[in-house]
file model09.txt (compact mmCIF, C-alpha atoms and all ligand atoms)
# COMPACT_ATOMS: atom_id res chain seq x y z
CA GLY A 1 -16.70 -20.33 -0.14
CA SER A 2 -12.97 -20.07 0.33
CA VAL A 3 -10.84 -21.80 2.94
CA GLN A 4 -11.26 -19.94 6.24
CA ASP A 5 -7.52 -19.82 6.89
CA LEU A 6 -7.69 -16.22 8.15
CA ALA A 7 -10.58 -16.89 10.57
CA GLY A 8 -9.93 -15.17 13.91
CA ARG A 9 -7.18 -13.04 12.38
CA THR A 10 -7.17 -9.26 12.22
CA VAL A 11 -5.55 -7.62 9.21
CA VAL A 12 -4.88 -4.07 8.09
CA VAL A 13 -4.59 -3.24 4.41
CA SER A 14 -3.68 0.19 3.07
CA ALA A 15 -4.93 0.97 -0.43
CA GLY A 16 -4.87 3.81 -2.93
CA GLY A 17 -2.47 6.69 -3.15
CA THR A 18 -1.63 9.58 -0.84
CA ARG A 19 -2.16 13.27 -1.59
CA GLU A 20 0.28 15.72 -0.08
CA PRO A 21 -1.19 19.21 0.32
CA ILE A 22 0.55 22.14 -1.38
CA ASP A 23 -2.11 24.60 -0.15
CA PRO A 24 -5.83 24.21 0.71
CA VAL A 25 -6.77 23.39 -2.89
CA ARG A 26 -3.74 21.69 -4.46
CA PHE A 27 -1.86 18.50 -3.83
CA ILE A 28 0.89 16.22 -5.11
CA GLY A 29 -0.65 12.84 -5.83
CA ASN A 30 -0.23 9.65 -7.84
CA ARG A 31 -2.26 7.40 -10.14
CA SER A 32 -2.87 4.49 -7.79
CA SER A 33 -6.54 3.42 -8.05
CA GLY A 34 -6.56 1.24 -4.94
CA ARG A 35 -7.67 -1.84 -6.91
CA GLN A 36 -4.96 -4.17 -5.59
CA GLY A 37 -5.46 -3.09 -1.98
CA VAL A 38 -9.23 -3.49 -2.18
CA ALA A 39 -8.79 -6.93 -3.79
CA LEU A 40 -6.54 -7.85 -0.83
CA ALA A 41 -9.19 -6.69 1.64
CA GLN A 42 -11.94 -8.61 -0.17
CA ALA A 43 -9.84 -11.79 -0.37
CA ALA A 44 -9.02 -11.54 3.35
CA LEU A 45 -12.72 -11.10 4.20
CA ALA A 46 -13.58 -14.17 2.10
CA ARG A 47 -10.95 -16.14 4.03
CA GLY A 48 -12.51 -15.16 7.36
CA ALA A 49 -10.39 -12.21 8.53
CA THR A 50 -11.52 -9.08 10.32
CA VAL A 51 -10.25 -6.28 8.10
CA THR A 52 -9.41 -2.61 8.45
CA LEU A 53 -9.06 -1.02 5.03
CA VAL A 54 -7.14 2.26 5.19
CA ALA A 55 -8.34 3.86 1.98
CA ALA A 56 -6.40 6.76 0.48
CA ASN A 57 -8.19 8.53 -2.35
CA LEU A 58 -9.55 5.46 -4.14
CA ALA A 59 -10.81 5.80 -7.72
CA GLN A 60 -14.60 6.32 -7.77
CA ASP A 61 -15.44 2.86 -9.15
CA VAL A 62 -13.24 1.29 -6.47
CA THR A 63 -15.00 3.31 -3.75
CA ASP A 64 -18.37 2.14 -5.15
CA GLN A 65 -17.14 -1.44 -5.01
CA VAL A 66 -16.08 -1.02 -1.36
CA GLU A 67 -19.44 0.52 -0.42
CA ALA A 68 -21.44 -2.20 -2.16
CA GLY A 69 -19.11 -5.00 -1.12
CA PRO A 70 -20.00 -8.17 0.80
CA GLY A 71 -18.73 -8.87 4.28
CA ARG A 72 -19.01 -5.24 5.30
CA ALA A 73 -19.70 -6.15 8.91
CA ALA A 74 -16.17 -7.55 9.17
CA CYS A 75 -14.61 -4.60 7.36
CA THR A 76 -13.88 -1.17 8.81
CA VAL A 77 -12.99 1.46 6.23
CA VAL A 78 -10.87 4.41 7.38
CA ARG A 79 -10.57 7.15 4.78
CA VAL A 80 -7.38 9.19 4.66
CA GLU A 81 -5.75 11.65 2.26
CA SER A 82 -2.17 12.48 3.21
CA THR A 83 0.75 10.28 4.25
CA ALA A 84 0.54 11.69 7.79
CA GLU A 85 -3.12 10.58 8.04
CA LEU A 86 -2.39 7.20 6.48
CA ARG A 87 0.49 6.60 8.89
CA GLU A 88 -1.70 7.43 11.90
CA ALA A 89 -4.55 5.18 10.72
CA VAL A 90 -2.28 2.23 9.87
CA ARG A 91 -0.41 2.47 13.17
CA THR A 92 -3.63 2.73 15.20
CA ALA A 93 -5.30 -0.25 13.52
CA GLY A 94 -1.97 -2.10 13.28
CA ALA A 95 -1.49 -2.07 17.05
CA ASP A 96 -3.70 -5.16 17.36
CA ALA A 97 -3.35 -6.67 13.92
CA ASP A 98 -1.87 -10.05 13.01
CA VAL A 99 -0.97 -8.76 9.56
CA VAL A 100 -0.26 -5.34 8.05
CA VAL A 101 -0.20 -5.07 4.25
CA MET A 102 1.01 -1.78 2.79
CA ALA A 103 -0.53 -1.81 -0.68
CA ALA A 104 -0.94 1.98 -0.86
CA ALA A 105 1.30 4.12 -3.03
CA VAL A 106 2.77 6.48 -0.46
CA ALA A 107 4.46 9.73 -1.51
CA ASP A 108 8.17 9.73 -0.75
CA PHE A 109 8.16 13.52 -0.29
CA ARG A 110 5.71 16.21 0.82
CA PRO A 111 5.74 20.01 0.63
CA ALA A 112 7.67 21.42 3.60
CA ALA A 113 5.01 24.00 4.39
CA THR A 114 1.24 23.94 3.95
CA PRO A 115 -0.04 27.53 3.93
CA ASP A 116 -3.61 28.15 5.13
CA ALA A 117 -4.31 30.36 2.12
CA LYS A 118 -4.24 29.44 -1.56
CA ILE A 119 -0.94 30.27 -3.25
CA LYS A 120 -1.62 33.13 -5.69
CA LYS A 121 -0.21 33.70 -9.13
CA VAL A 122 1.44 37.12 -9.11
CA PRO A 123 1.43 38.73 -12.60
CA GLY A 124 4.95 39.26 -13.85
CA GLN A 125 6.44 36.88 -11.31
CA GLY A 126 7.58 33.38 -12.11
CA PRO A 127 6.46 30.30 -10.16
CA ALA A 128 7.62 29.97 -6.56
CA PRO A 129 9.54 26.75 -5.98
CA ILE A 130 7.88 24.11 -3.80
CA GLU A 131 10.31 22.86 -1.19
CA LEU A 132 9.89 19.16 -0.39
CA VAL A 133 10.82 17.16 2.70
CA GLU A 134 11.03 13.39 3.06
CA ASN A 135 8.08 11.41 4.40
CA PRO A 136 8.57 8.65 6.95
CA ASP A 137 8.69 5.18 5.39
CA ILE A 138 5.66 3.66 7.10
CA LEU A 139 6.39 0.11 5.95
CA ALA A 140 10.03 0.17 7.13
CA GLU A 141 8.98 1.73 10.43
CA ILE A 142 6.34 -0.92 11.16
CA ALA A 143 8.60 -3.73 9.98
CA HIS A 144 11.42 -2.61 12.28
CA GLU A 145 9.22 -1.79 15.31
CA ARG A 146 6.66 -4.63 15.07
CA LEU A 147 3.58 -3.04 16.61
CA ARG A 148 2.70 -6.50 17.97
CA PRO A 149 4.86 -9.63 18.48
CA GLY A 150 4.66 -12.13 15.63
CA GLN A 151 2.98 -9.62 13.34
CA VAL A 152 3.48 -10.33 9.62
CA VAL A 153 4.38 -7.20 7.66
CA VAL A 154 3.95 -7.07 3.88
CA GLY A 155 4.91 -4.44 1.32
CA PHE A 156 4.67 -3.82 -2.39
CA ALA A 157 7.36 -2.67 -4.75
CA ALA A 158 6.39 -1.32 -8.16
CA GLU A 159 9.59 -1.44 -10.17
CA THR A 160 10.91 -0.89 -13.64
CA GLY A 161 14.09 -2.52 -14.88
CA ASP A 162 16.94 -0.20 -15.84
CA ALA A 163 20.69 -0.17 -16.42
CA SER A 164 21.40 -0.68 -12.71
CA GLY A 165 19.36 -3.89 -12.48
CA SER A 166 16.24 -5.89 -13.34
CA VAL A 167 12.82 -5.49 -11.73
CA LEU A 168 13.68 -8.40 -9.43
CA ASP A 169 17.11 -6.98 -8.50
CA HIS A 170 15.47 -3.75 -7.38
CA GLY A 171 12.80 -5.72 -5.51
CA ARG A 172 15.46 -7.76 -3.68
CA THR A 173 17.30 -4.64 -2.57
CA LYS A 174 14.02 -3.17 -1.34
CA ALA A 175 13.04 -6.38 0.49
CA ARG A 176 16.31 -6.31 2.46
CA ARG A 177 16.21 -2.58 3.17
CA LYS A 178 12.58 -2.42 4.34
CA GLY A 179 12.78 -5.37 6.74
CA ALA A 180 9.28 -6.62 5.83
CA ASP A 181 8.49 -10.35 5.90
CA LEU A 182 7.16 -10.33 2.36
CA ILE A 183 7.44 -7.95 -0.58
CA ALA A 184 5.26 -8.29 -3.68
CA VAL A 185 7.29 -7.02 -6.59
CA ASN A 186 5.50 -5.95 -9.73
CA ALA A 187 6.75 -4.64 -13.02
CA VAL A 188 4.93 -1.41 -13.86
CA GLY A 189 4.32 0.16 -17.23
CA SER A 190 3.00 -1.26 -20.52
CA GLY A 191 -0.59 -1.83 -19.36
CA ARG A 192 0.33 -3.60 -16.14
CA GLY A 193 0.06 -2.45 -12.56
CA PHE A 194 -1.55 0.95 -11.98
CA GLY A 195 -5.22 1.37 -12.90
CA THR A 196 -5.67 -2.01 -14.60
CA ASP A 197 -7.33 -5.16 -13.31
CA ALA A 198 -4.37 -7.40 -14.11
CA ASN A 199 -1.22 -7.69 -12.11
CA ASP A 200 1.86 -9.84 -12.19
CA VAL A 201 3.85 -10.19 -9.00
CA THR A 202 6.79 -12.10 -7.60
CA VAL A 203 6.67 -12.54 -3.84
CA LEU A 204 10.00 -12.22 -2.02
CA ASP A 205 10.79 -12.87 1.62
CA GLY A 206 12.81 -10.45 3.74
CA ALA A 207 16.07 -11.96 2.51
CA GLY A 208 15.03 -11.39 -1.10
CA ASP A 209 14.37 -15.05 -1.94
CA VAL A 210 11.42 -15.88 -4.21
CA VAL A 211 8.61 -17.54 -2.22
CA GLY A 212 5.69 -17.09 -4.63
CA GLN A 213 4.61 -15.98 -8.05
CA ALA A 214 1.22 -14.89 -9.32
CA ALA A 215 -0.16 -13.45 -12.53
CA GLY A 216 -3.78 -12.72 -13.27
CA SER A 217 -6.52 -10.60 -11.79
CA LYS A 218 -5.74 -8.50 -8.73
CA ARG A 219 -7.95 -10.89 -6.74
CA GLU A 220 -5.82 -13.87 -7.85
CA VAL A 221 -2.67 -11.98 -6.92
CA ALA A 222 -4.28 -11.12 -3.56
CA ASP A 223 -5.03 -14.79 -2.83
CA ALA A 224 -1.48 -15.82 -3.73
CA LEU A 225 -0.16 -13.20 -1.33
CA TRP A 226 -2.48 -14.35 1.49
CA ASP A 227 -1.25 -17.93 0.86
CA ALA A 228 2.30 -16.73 1.57
CA VAL A 229 1.14 -14.74 4.62
CA VAL A 230 -0.78 -17.67 6.12
CA LYS A 231 2.41 -19.80 6.04
CA ARG A 232 4.15 -17.17 8.18
CA LEU A 233 1.47 -16.65 10.82
CA PRO A 234 2.45 -18.01 14.24
O1 LIG A 301 10.24 2.50 -1.56
P1 LIG A 301 8.93 2.27 -2.26
O2 LIG A 301 8.02 3.47 -2.20
O3 LIG A 301 9.06 1.71 -3.64
O4 LIG A 301 8.25 1.11 -1.40
C1 LIG A 301 6.97 0.68 -1.64
C2 LIG A 301 6.40 0.06 -0.39
O5 LIG A 301 6.69 0.86 0.75
C3 LIG A 301 4.89 -0.02 -0.46
O6 LIG A 301 4.49 -1.14 0.31
C4 LIG A 301 4.45 1.29 0.19
O7 LIG A 301 3.16 1.19 0.73
C5 LIG A 301 5.51 1.47 1.27
N1 LIG A 301 5.86 2.85 1.58
C6 LIG A 301 5.60 3.35 2.85
N2 LIG A 301 5.93 4.63 3.19
C7 LIG A 301 6.55 5.43 2.30
C8 LIG A 301 6.86 4.94 1.00
C9 LIG A 301 6.49 3.66 0.68
O8 LIG A 301 5.03 2.60 3.66
N3 LIG A 301 6.87 6.67 2.65
call {"tool": "encode", "arguments": {"input": "model09.txt", "output": "structure tokens"}}
result
Amino acid sequence: GSVQDLAGRTVVVSAGGTREPIDPVRFIGNRSSGRQGVALAQAALARGATVTLVAANLAQDVTDQVEAGPGRAACTVVRVESTAELREAVRTAGADADVVVMAAAVADFRPAATPDAKIKKVPGQGPAPIELVENPDILAEIAHERLRPGQVVVGFAAETGDASGSVLDHGRTKARRKGADLIAVNAVGSGRGFGTDANDVTVLDGAGDVVGQAAGSKREVADALWDAVVKRLP
């Protein structure tokens, strides 16, 4: 067994990706499988924590893994679809949590209106534009409010390097802007990140300084992140 360094601690982990409804049958979604979030929940359970997994549209094999998984007694799974539902579930469970980890890929924007009826294709008419509005940034909100004193708040940042800066530069800017205690920055693309079992992350603190590094399976990355969290728990 692992070190029980999260024994007596309550943690919330969001996993997967949100779906923003366009109408009753369509949505705007993303390719997050939920693997990293589920690995975080499993690692926390192994280290003795009581876990709430807020699961947004996990890939089928990841759902199967959650349902078959060990330590289920100590794990509550709350299923959500949209960002609004995810926000509600994370805030409710987060109210008495020692740690909140936002591993879910949350949509930045959602359709402004959600009609009750399916949007129809009208012959001879072009597509109607979909107006988008900004979603609340759940991580930034929780980091700035602190639902509970001493709570450790952790986020993820999937970045690509570009002309305006490297993966780490973008991660640093995000760490400062979000106000979280820790941000796990990962380079996405070229077989890493989304949908794979391997991940490669650099852990930054709120000031953007490097406090950890992990490459390997999502479970190994999860354990490295919990190591950094444990050091920050009061
Ligand atoms: O800004 P960006 O989406 O890259 O930030 C990623 C981090 O912020 C992740 O931890 C994600 O769960 C969180 N996030 C959030 N609410 C949003 C967008 C992102 O909590 N609306």
call {"tool": "closest_residue", "arguments": {"input": "model09.txt", "among": "A:Leu139, A:Val152, A:Val229, A:Leu58", "to": "Val90 of chain A", "atoms": "only C-alpha atoms"}}
result
A:Leu139
call {"tool": "residues_near_ligand", "arguments": {"input": "model09.txt", "ligand": "ligand LIG 301 (chain A)", "cutoff": "6 Å", "atoms": "all atoms listed in the file", "output": "list in words"}}
result
Met102, Ala103, Ala104, Ala105, Val106, Ala107, Asp108, Asn135, Pro136, Asp137, Ile138, Leu139, Gly155, Phe156 and Ala157 of chain A
call {"tool": "atom_distance", "arguments": {"input": "model09.txt", "atom1": "atom CA of Ile183 of chain A", "atom2": "atom CA of Leu40 of chain A"}}
result
14.0 Å
call {"tool": "atom_distance", "arguments": {"input": "model09.txt", "atom1": "atom CA of Thr52 of chain A", "atom2": "atom CA of Arg91 of chain A"}}
result
11.4 Å
call {"tool": "residues_around", "arguments": {"input": "model09.txt", "residues": "Gly179 of chain A", "least_positions_apart": "2", "cutoff": "12 Å", "atoms": "only C-alpha atoms", "output": "NGL selection string"}}
result
:A and (137-146 or 152-155 or 172-177 or 181-183 or 204-208)
call {"tool": "atom_distance", "arguments": {"input": "model09.txt", "atom1": "atom CA of Arg47 of chain A", "atom2": "atom CA of Val78 of chain A"}}
result
20.8 Å
call {"tool": "closest_residue", "arguments": {"input": "model09.txt", "among": "A:Gln36, A:Gln4, A:Ser164, A:Thr92", "to": "Val221 of chain A", "atoms": "all atoms listed in the file"}}
result
A:Gln36
call {"tool": "closest_residue", "arguments": {"input": "model09.txt", "among": "A:Ala163, A:Ala184, A:Ile130, A:Ala158", "to": "Arg26 of chain A", "atoms": "only C-alpha atoms"}}
result
A:Ile130
call {"tool": "residues_around", "arguments": {"input": "model09.txt", "residues": "Asp227 of chain A", "least_positions_apart": "2", "cutoff": "12 Å", "atoms": "only C-alpha atoms", "output": "PyMOL selection string"}}
result
chain A and resi 2-6+40+43-44+47+182+203+211-214+220-225+229-233
call {"tool": "closest_residue", "arguments": {"input": "model09.txt", "among": "A:Val100, A:Val11, A:Val185, A:Ala84", "to": "Thr160 of chain A", "atoms": "only C-alpha atoms"}}
result
A:Val185
call {"tool": "closest_residue", "arguments": {"input": "model09.txt", "among": "A:Gln125, A:Ala95, A:Val133, A:His170", "to": "Leu147 of chain A", "atoms": "all atoms listed in the file"}}
result
A:Ala95
call {"tool": "axis_aligned_box", "arguments": {"input": "model09.txt", "around": "segment 42-59 of chain A", "padding_each_side": "5 Å", "output": "JSON"}}
result
{"center_x": -10.0, "center_y": -3.8, "center_z": 1.3, "size_x": 17.2, "size_y": 34.7, "size_z": 28.0}
call {"tool": "residues_around", "arguments": {"input": "model09.txt", "residues": "Thr50 of chain A", "least_positions_apart": "2", "cutoff": "7 Å", "atoms": "only C-alpha atoms", "output": "list in words"}}
result
Arg9, Thr10, Val11, Leu45, Gly48, Ala74 and Cys75 of chain A
call {"tool": "write_last_selection", "arguments": {"input": "model09.txt", "atoms": "C-alpha atoms", "output": "tab-separated table (two decimals), in the frame of the given file"}}
result
chain	number	residue	atom	x	y	z
A	9	ARG	CA	-7.18	-13.04	12.38
A	10	THR	CA	-7.17	-9.26	12.22
A	11	VAL	CA	-5.55	-7.62	9.21
A	45	LEU	CA	-12.72	-11.10	4.20
A	48	GLY	CA	-12.51	-15.16	7.36
A	74	ALA	CA	-16.17	-7.55	9.17
A	75	CYS	CA	-14.61	-4.60	7.36
call {"tool": "closest_residue", "arguments": {"input": "model09.txt", "among": "A:Asp23, A:Glu131, A:Glu67, A:Asp116", "to": "Leu53 of chain A", "atoms": "only C-alpha atoms"}}
result
A:Glu67
call {"tool": "residues_around", "arguments": {"input": "model09.txt", "residues": "Ser82 of chain A", "least_positions_apart": "6", "cutoff": "6 Å", "atoms": "all atoms listed in the file", "output": "list in words"}}
result
Thr18, Arg19 and Glu20 of chain A
call {"tool": "decode", "arguments": {"input": "model09.txt", "residues": "segment 57-96 of chain A", "atoms": "N, CA and C atoms", "output": "compact mmCIF listing (two decimals), in the first residue's frame"}}
result
# COMPACT_ATOMS: atom_id res chain seq x y z
N ASN A 57 -18.89 13.52 -18.45
CA ASN A 57 -18.82 12.87 -19.77
C ASN A 57 -17.53 12.08 -20.00
N LEU A 58 -17.21 11.19 -19.08
CA LEU A 58 -15.99 10.39 -19.20
C LEU A 58 -16.11 9.45 -20.41
N ALA A 59 -14.98 9.10 -21.00
CA ALA A 59 -14.95 8.08 -22.05
C ALA A 59 -15.47 6.77 -21.45
N GLN A 60 -16.06 5.90 -22.26
CA GLN A 60 -16.70 4.68 -21.73
C GLN A 60 -15.73 3.81 -20.93
N ASP A 61 -14.51 3.62 -21.45
CA ASP A 61 -13.58 2.75 -20.71
C ASP A 61 -13.17 3.37 -19.37
N VAL A 62 -13.19 4.69 -19.30
CA VAL A 62 -12.85 5.36 -18.04
C VAL A 62 -14.01 5.22 -17.05
N THR A 63 -15.24 5.32 -17.56
CA THR A 63 -16.42 5.09 -16.72
C THR A 63 -16.39 3.66 -16.16
N ASP A 64 -16.07 2.68 -17.02
CA ASP A 64 -16.01 1.28 -16.59
C ASP A 64 -14.99 1.12 -15.47
N GLN A 65 -13.86 1.80 -15.64
CA GLN A 65 -12.79 1.74 -14.64
C GLN A 65 -13.27 2.31 -13.30
N VAL A 66 -14.02 3.42 -13.36
CA VAL A 66 -14.53 4.05 -12.13
C VAL A 66 -15.52 3.09 -11.45
N GLU A 67 -16.39 2.46 -12.26
CA GLU A 67 -17.42 1.59 -11.68
C GLU A 67 -16.84 0.32 -11.09
N ALA A 68 -15.73 -0.16 -11.67
CA ALA A 68 -15.12 -1.39 -11.17
C ALA A 68 -14.09 -1.12 -10.07
N GLY A 69 -13.75 0.17 -9.94
CA GLY A 69 -12.57 0.54 -9.14
C GLY A 69 -12.62 0.17 -7.67
N PRO A 70 -11.43 0.03 -7.06
CA PRO A 70 -11.31 -0.26 -5.64
C PRO A 70 -11.59 1.01 -4.82
N GLY A 71 -11.83 0.82 -3.56
CA GLY A 71 -12.01 1.97 -2.66
C GLY A 71 -13.28 2.73 -2.92
N ARG A 72 -14.28 2.06 -3.51
CA ARG A 72 -15.49 2.79 -3.87
C ARG A 72 -16.22 3.37 -2.67
N ALA A 73 -16.09 2.71 -1.53
CA ALA A 73 -16.78 3.21 -0.34
C ALA A 73 -16.33 4.62 -0.01
N ALA A 74 -15.07 4.92 -0.27
CA ALA A 74 -14.54 6.25 0.06
C ALA A 74 -14.65 7.22 -1.10
N CYS A 75 -15.35 6.80 -2.17
CA CYS A 75 -15.44 7.66 -3.35
C CYS A 75 -16.89 7.89 -3.75
N THR A 76 -17.28 9.16 -3.79
CA THR A 76 -18.61 9.52 -4.28
C THR A 76 -18.43 10.03 -5.70
N VAL A 77 -19.21 9.51 -6.63
CA VAL A 77 -19.13 9.98 -8.01
C VAL A 77 -20.37 10.81 -8.31
N VAL A 78 -20.16 12.04 -8.74
CA VAL A 78 -21.28 12.91 -9.14
C VAL A 78 -21.15 13.13 -10.63
N ARG A 79 -22.14 12.68 -11.39
CA ARG A 79 -22.07 12.85 -12.85
C ARG A 79 -22.69 14.16 -13.27
N VAL A 80 -22.00 14.87 -14.14
CA VAL A 80 -22.49 16.15 -14.66
C VAL A 80 -22.25 16.19 -16.17
N GLU A 81 -22.93 17.12 -16.83
CA GLU A 81 -22.69 17.32 -18.27
C GLU A 81 -22.15 18.72 -18.57
N SER A 82 -22.90 19.73 -18.21
CA SER A 82 -22.53 21.09 -18.61
C SER A 82 -21.62 21.76 -17.57
N THR A 83 -21.08 22.90 -17.95
CA THR A 83 -20.25 23.69 -17.02
C THR A 83 -21.08 24.15 -15.83
N ALA A 84 -22.33 24.55 -16.07
CA ALA A 84 -23.19 24.99 -14.95
C ALA A 84 -23.35 23.87 -13.93
N GLU A 85 -23.58 22.63 -14.40
CA GLU A 85 -23.73 21.50 -13.49
C GLU A 85 -22.42 21.17 -12.78
N LEU A 86 -21.32 21.25 -13.52
CA LEU A 86 -20.01 20.94 -12.93
C LEU A 86 -19.69 21.96 -11.83
N ARG A 87 -19.97 23.23 -12.12
CA ARG A 87 -19.70 24.30 -11.15
C ARG A 87 -20.47 24.05 -9.86
N GLU A 88 -21.76 23.73 -9.99
CA GLU A 88 -22.62 23.48 -8.83
C GLU A 88 -22.08 22.31 -8.01
N ALA A 89 -21.73 21.22 -8.69
CA ALA A 89 -21.27 20.01 -8.00
C ALA A 89 -19.92 20.25 -7.30
N VAL A 90 -19.01 20.96 -7.98
CA VAL A 90 -17.69 21.21 -7.39
C VAL A 90 -17.82 22.14 -6.18
N ARG A 91 -18.67 23.16 -6.31
CA ARG A 91 -18.83 24.10 -5.20
C ARG A 91 -19.51 23.44 -4.00
N THR A 92 -20.48 22.58 -4.26
CA THR A 92 -21.18 21.89 -3.16
C THR A 92 -20.21 20.97 -2.42
N ALA A 93 -19.53 20.11 -3.16
CA ALA A 93 -18.59 19.18 -2.52
C ALA A 93 -17.38 19.94 -1.97
N GLY A 94 -16.99 21.02 -2.64
CA GLY A 94 -15.81 21.79 -2.23
C GLY A 94 -15.99 22.54 -0.93
N ALA A 95 -17.25 22.76 -0.53
CA ALA A 95 -17.51 23.53 0.70
C ALA A 95 -16.88 22.89 1.92
N ASP A 96 -16.74 21.56 1.96
CA ASP A 96 -16.00 20.98 3.09
C ASP A 96 -14.80 20.15 2.65
